[in-house]
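Raw contents of target_18.tsv, TSV, C-alpha atoms and all ligand atoms:
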```tsv
chain	number	residue	atom	x	y	z
C	1	MET	CA	7.62	0.54	-16.79
C	2	SER	CA	8.26	-0.12	-20.48
C	3	GLY	CA	11.06	-2.49	-19.55
C	4	TYR	CA	8.46	-4.64	-17.88
C	5	LEU	CA	6.69	-5.17	-21.20
C	6	ARG	CA	8.13	-6.96	-24.18
C	7	ALA	CA	10.36	-4.65	-26.15
C	8	ASP	CA	8.08	-4.69	-29.19
C	9	ARG	CA	4.98	-3.78	-27.20
C	10	ARG	CA	3.97	-0.15	-27.10
C	11	ILE	CA	2.17	1.17	-24.10
C	12	ASN	CA	-0.32	4.02	-23.94
C	13	SER	CA	-2.24	2.83	-27.00
C	14	ALA	CA	-5.83	1.64	-26.71
C	15	LEU	CA	-6.73	-2.01	-26.97
C	16	ASN	CA	-9.88	-4.03	-26.48
C	17	LEU	CA	-10.10	-6.27	-23.45
C	18	THR	CA	-12.83	-8.91	-23.60
C	19	ILE	CA	-13.75	-10.63	-20.36
C	20	LEU	CA	-15.40	-14.04	-20.34
C	21	PRO	CA	-17.80	-15.51	-19.42
C	22	SER	CA	-19.76	-12.24	-19.55
C	23	GLY	CA	-18.36	-11.29	-22.96
C	24	ARG	CA	-17.99	-7.67	-21.88
C	25	THR	CA	-15.48	-5.74	-23.98
C	26	VAL	CA	-13.88	-2.51	-22.80
C	27	GLN	CA	-11.20	-0.22	-24.18
C	28	VAL	CA	-8.07	-0.12	-22.06
C	29	ILE	CA	-4.83	1.81	-22.29
C	30	GLY	CA	-1.74	-0.35	-22.80
C	31	GLY	CA	0.38	-0.54	-19.69
C	32	THR	CA	-2.64	-1.05	-17.45
C	33	ARG	CA	-2.45	-3.88	-14.97
C	34	LEU	CA	-4.88	-6.62	-15.99
C	35	LEU	CA	-6.47	-6.79	-12.53
C	36	VAL	CA	-7.20	-3.05	-12.62
C	37	ALA	CA	-8.63	-3.25	-16.14
C	38	ILE	CA	-10.94	-6.11	-15.18
C	39	THR	CA	-12.24	-4.44	-12.04
C	40	ASP	CA	-12.61	-1.07	-13.80
C	41	ALA	CA	-14.77	-2.91	-16.34
C	42	GLY	CA	-17.13	-3.82	-13.51
C	43	GLU	CA	-16.15	-7.46	-13.31
C	44	SER	CA	-15.33	-9.16	-10.05
C	45	VAL	CA	-11.87	-10.57	-9.38
C	46	ILE	CA	-10.79	-11.64	-5.92
C	47	ASP	CA	-7.42	-10.28	-4.82
C	48	GLU	CA	-6.95	-11.81	-1.40
C	49	CYS	CA	-3.25	-10.99	-1.13
C	50	GLY	CA	-3.53	-7.46	-2.44
C	51	GLY	CA	-1.71	-8.22	-5.68
C	52	ARG	CA	1.43	-9.75	-4.21
C	53	SER	CA	1.35	-12.97	-6.21
C	54	ARG	CA	0.73	-15.05	-3.10
C	55	CYS	CA	-2.88	-16.20	-3.15
C	56	GLY	CA	-3.67	-17.07	-6.77
C	57	SER	CA	-7.25	-15.84	-6.36
C	58	CYS	CA	-6.86	-13.54	-9.37
C	59	HIS	CA	-6.14	-16.45	-11.71
C	60	VAL	CA	-7.42	-15.94	-15.27
C	61	VAL	CA	-6.99	-17.90	-18.48
C	62	VAL	CA	-5.90	-15.98	-21.55
C	63	ARG	CA	-8.04	-17.04	-24.50
C	64	PHE	CA	-6.63	-14.55	-27.01
C	65	GLY	CA	-3.74	-12.12	-27.15
C	66	TRP	CA	-1.25	-13.92	-24.94
C	67	ARG	CA	1.69	-12.15	-26.55
C	68	SER	CA	0.24	-8.75	-25.77
C	69	LEU	CA	0.74	-9.36	-22.07
C	70	SER	CA	3.91	-8.76	-20.10
C	71	LYS	CA	6.24	-11.68	-19.53
C	72	ILE	CA	5.64	-13.99	-16.61
C	73	ARG	CA	8.13	-13.34	-13.86
C	74	THR	CA	9.51	-16.03	-11.59
C	75	LYS	CA	7.24	-15.29	-8.64
C	76	GLU	CA	4.10	-15.50	-10.80
C	77	ARG	CA	5.26	-18.69	-12.51
C	78	GLU	CA	5.99	-20.32	-9.16
C	79	ARG	CA	2.54	-19.42	-7.86
C	80	LEU	CA	0.83	-20.68	-11.03
C	81	THR	CA	2.55	-24.04	-10.79
C	82	GLN	CA	0.96	-24.48	-7.35
C	83	LEU	CA	-2.58	-23.58	-8.45
C	84	ASN	CA	-5.25	-26.18	-9.10
C	85	GLY	CA	-6.70	-25.71	-12.57
C	86	ALA	CA	-3.86	-23.59	-13.90
C	87	ASN	CA	-2.53	-24.38	-17.36
C	88	MET	CA	-0.16	-22.93	-19.94
C	89	LEU	CA	-2.62	-20.12	-20.69
C	90	SER	CA	-2.99	-19.07	-17.07
C	91	ARG	CA	-1.94	-15.71	-15.68
C	92	LEU	CA	-2.31	-13.89	-12.41
C	93	ALA	CA	-4.26	-10.74	-13.22
C	94	CYS	CA	-2.41	-8.86	-10.50
C	95	GLN	CA	0.91	-9.44	-12.25
C	96	ALA	CA	0.08	-9.21	-15.96
C	97	MET	CA	0.32	-5.86	-17.72
C	98	LEU	CA	-1.58	-5.21	-20.93
C	99	GLY	CA	0.42	-4.35	-24.02
C	100	ALA	CA	-0.76	-2.86	-27.31
C	101	HIS	CA	-3.00	-5.56	-28.78
C	102	ASP	CA	-6.46	-6.93	-28.01
C	103	VAL	CA	-6.76	-9.52	-25.26
C	104	THR	CA	-9.50	-11.93	-24.18
C	105	VAL	CA	-9.38	-13.44	-20.71
C	106	GLU	CA	-11.66	-15.88	-18.92
C	107	LEU	CA	-12.32	-15.39	-15.23
C	108	MET	CA	-12.13	-18.51	-13.10
C	109	PRO	CA	-15.10	-19.45	-10.93
C	110	HIS	CA	-14.56	-19.15	-7.19
F	1	LIG	S1	-4.19	-11.03	-5.93
F	1	LIG	FE1	-3.17	-12.63	-4.92
F	1	LIG	S2	-2.04	-13.57	-6.51
F	1	LIG	FE2	-3.03	-11.94	-7.52
```
Will you turn the file into structure tokens for me?
Ligand code: FES
Amino acid sequence: MSGYLRADRRINSALNLTILPSGRTVQVIGGTRLLVAITDAGESVIDECGGRSRCGSCHVVVRFGWRSLSKIRTKERERLTQLNGANMLSRLACQAMLGAHDVTVELMPH
């Protein structure tokens, strides 16, 4: 799994994940999938396709800590380019893995 993260990102270290708009902050272990971390925090994210990068319902905007997330793979990038409201700070929570540094994400309204 470490090959999935940037080479300079350690996994298995704790980081703070802040989720907007609620402002809830939770501690998460690096290497955790962003979708899992958000739902474990008690926040609601829709995952219509079961995390297969097909629906885009798990779209979030990264407000802080972009570089702590895993790289965007081709399938995720292709899906994001088709999403209304997506921008350069957008990620699919089902595809992004947390690294070693604090991250703030904003959930998109549905
Ligand atoms: S759950 Fe469908 S794209 Fe993430």
Interatomic distance, atom CA of Ile46 of chain C to atom CA of Gly30 of chain C (Å, one decimal):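 Atom-to-atom, atom CA of Ile46 of chain C and atom CA of Gly30 of chain C are spaced 22.2 Å apart.
Counting only C-alpha atoms and comparing C:Val62, C:Cys94, C:Val26, C:Ala100, the residue that lies closest to Asp47 of chain C is C:Cys94.
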Which residues of chain C sit at most 9 Å from ligand LIG 1 (chain F), using only C-alpha atoms and all ligand atoms? Give each one's shortest atom pair and distance in Å (one decimal place), in chain and ascending residue order, as CSV.
```
residue,atom,partner,partner_atom,distance
C:Leu35,CA,F:LIG1,FE2,8.0
C:Val45,CA,F:LIG1,S1,8.4
C:Ile46,CA,F:LIG1,S1,6.6
C:Asp47,CA,F:LIG1,S1,3.5
C:Glu48,CA,F:LIG1,FE1,5.2
C:Cys49,CA,F:LIG1,FE1,4.1
C:Gly50,CA,F:LIG1,S1,5.0
C:Gly51,CA,F:LIG1,S1,3.8
C:Arg52,CA,F:LIG1,FE1,5.5
C:Ser53,CA,F:LIG1,S2,3.5
C:Arg54,CA,F:LIG1,S2,4.6
C:Cys55,CA,F:LIG1,FE1,4.0
C:Gly56,CA,F:LIG1,S2,3.9
C:Ser57,CA,F:LIG1,FE1,5.4
C:Cys58,CA,F:LIG1,FE2,4.5
C:His59,CA,F:LIG1,FE2,6.9
C:Glu76,CA,F:LIG1,S2,7.7
C:Arg79,CA,F:LIG1,S2,7.6
C:Leu80,CA,F:LIG1,S2,8.9
C:Leu92,CA,F:LIG1,FE2,5.3
C:Ala93,CA,F:LIG1,FE2,6.0
C:Cys94,CA,F:LIG1,FE2,4.3
C:Gln95,CA,F:LIG1,FE2,6.6
```
Around (-14.4, -14.3, -22.3), as given in the file, which residues come within 6 Å? Count only C-alpha atoms and list them as a short mmCIF file (atom, residue, chain, number, x, y, z; two decimals) with C-alpha atoms, keeping the file's coordinate frame.
```cif
data_model
loop_
_atom_site.label_atom_id
_atom_site.label_comp_id
_atom_site.auth_asym_id
_atom_site.auth_seq_id
_atom_site.Cartn_x
_atom_site.Cartn_y
_atom_site.Cartn_z
CA THR C 18 -12.83 -8.91 -23.60
CA ILE C 19 -13.75 -10.63 -20.36
CA LEU C 20 -15.40 -14.04 -20.34
CA PRO C 21 -17.80 -15.51 -19.42
CA GLY C 23 -18.36 -11.29 -22.96
CA THR C 104 -9.50 -11.93 -24.18
CA VAL C 105 -9.38 -13.44 -20.71
CA GLU C 106 -11.66 -15.88 -18.92
#
```
Pairwise distance for atom CA of Ser13 of chain C and atom CA of Asn87 of chain C, rounded to one decimal in Å: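 For atom CA of Ser13 of chain C relative to atom CA of Asn87 of chain C, the distance reads 28.9 Å.
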From the list C:His101, C:Glu43, C:Arg91, C:Ala14, which residue is nearest Lys71 of chain C when using only C-alpha atoms? C:Arg91
In terms of the shortest atom-to-atom distance over only C-alpha atoms, which of C:Leu17, C:Leu69, C:Ala37, C:Leu83 is closest to Gly99 of chain C?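 Answer, going by the shortest atom-to-atom distance: C:Leu69.
Closest approach to Met97 of chain C among C:Thr25, C:Ile72, C:Asn16, C:Asp40: C:Ile72, based on all atoms listed in the file.
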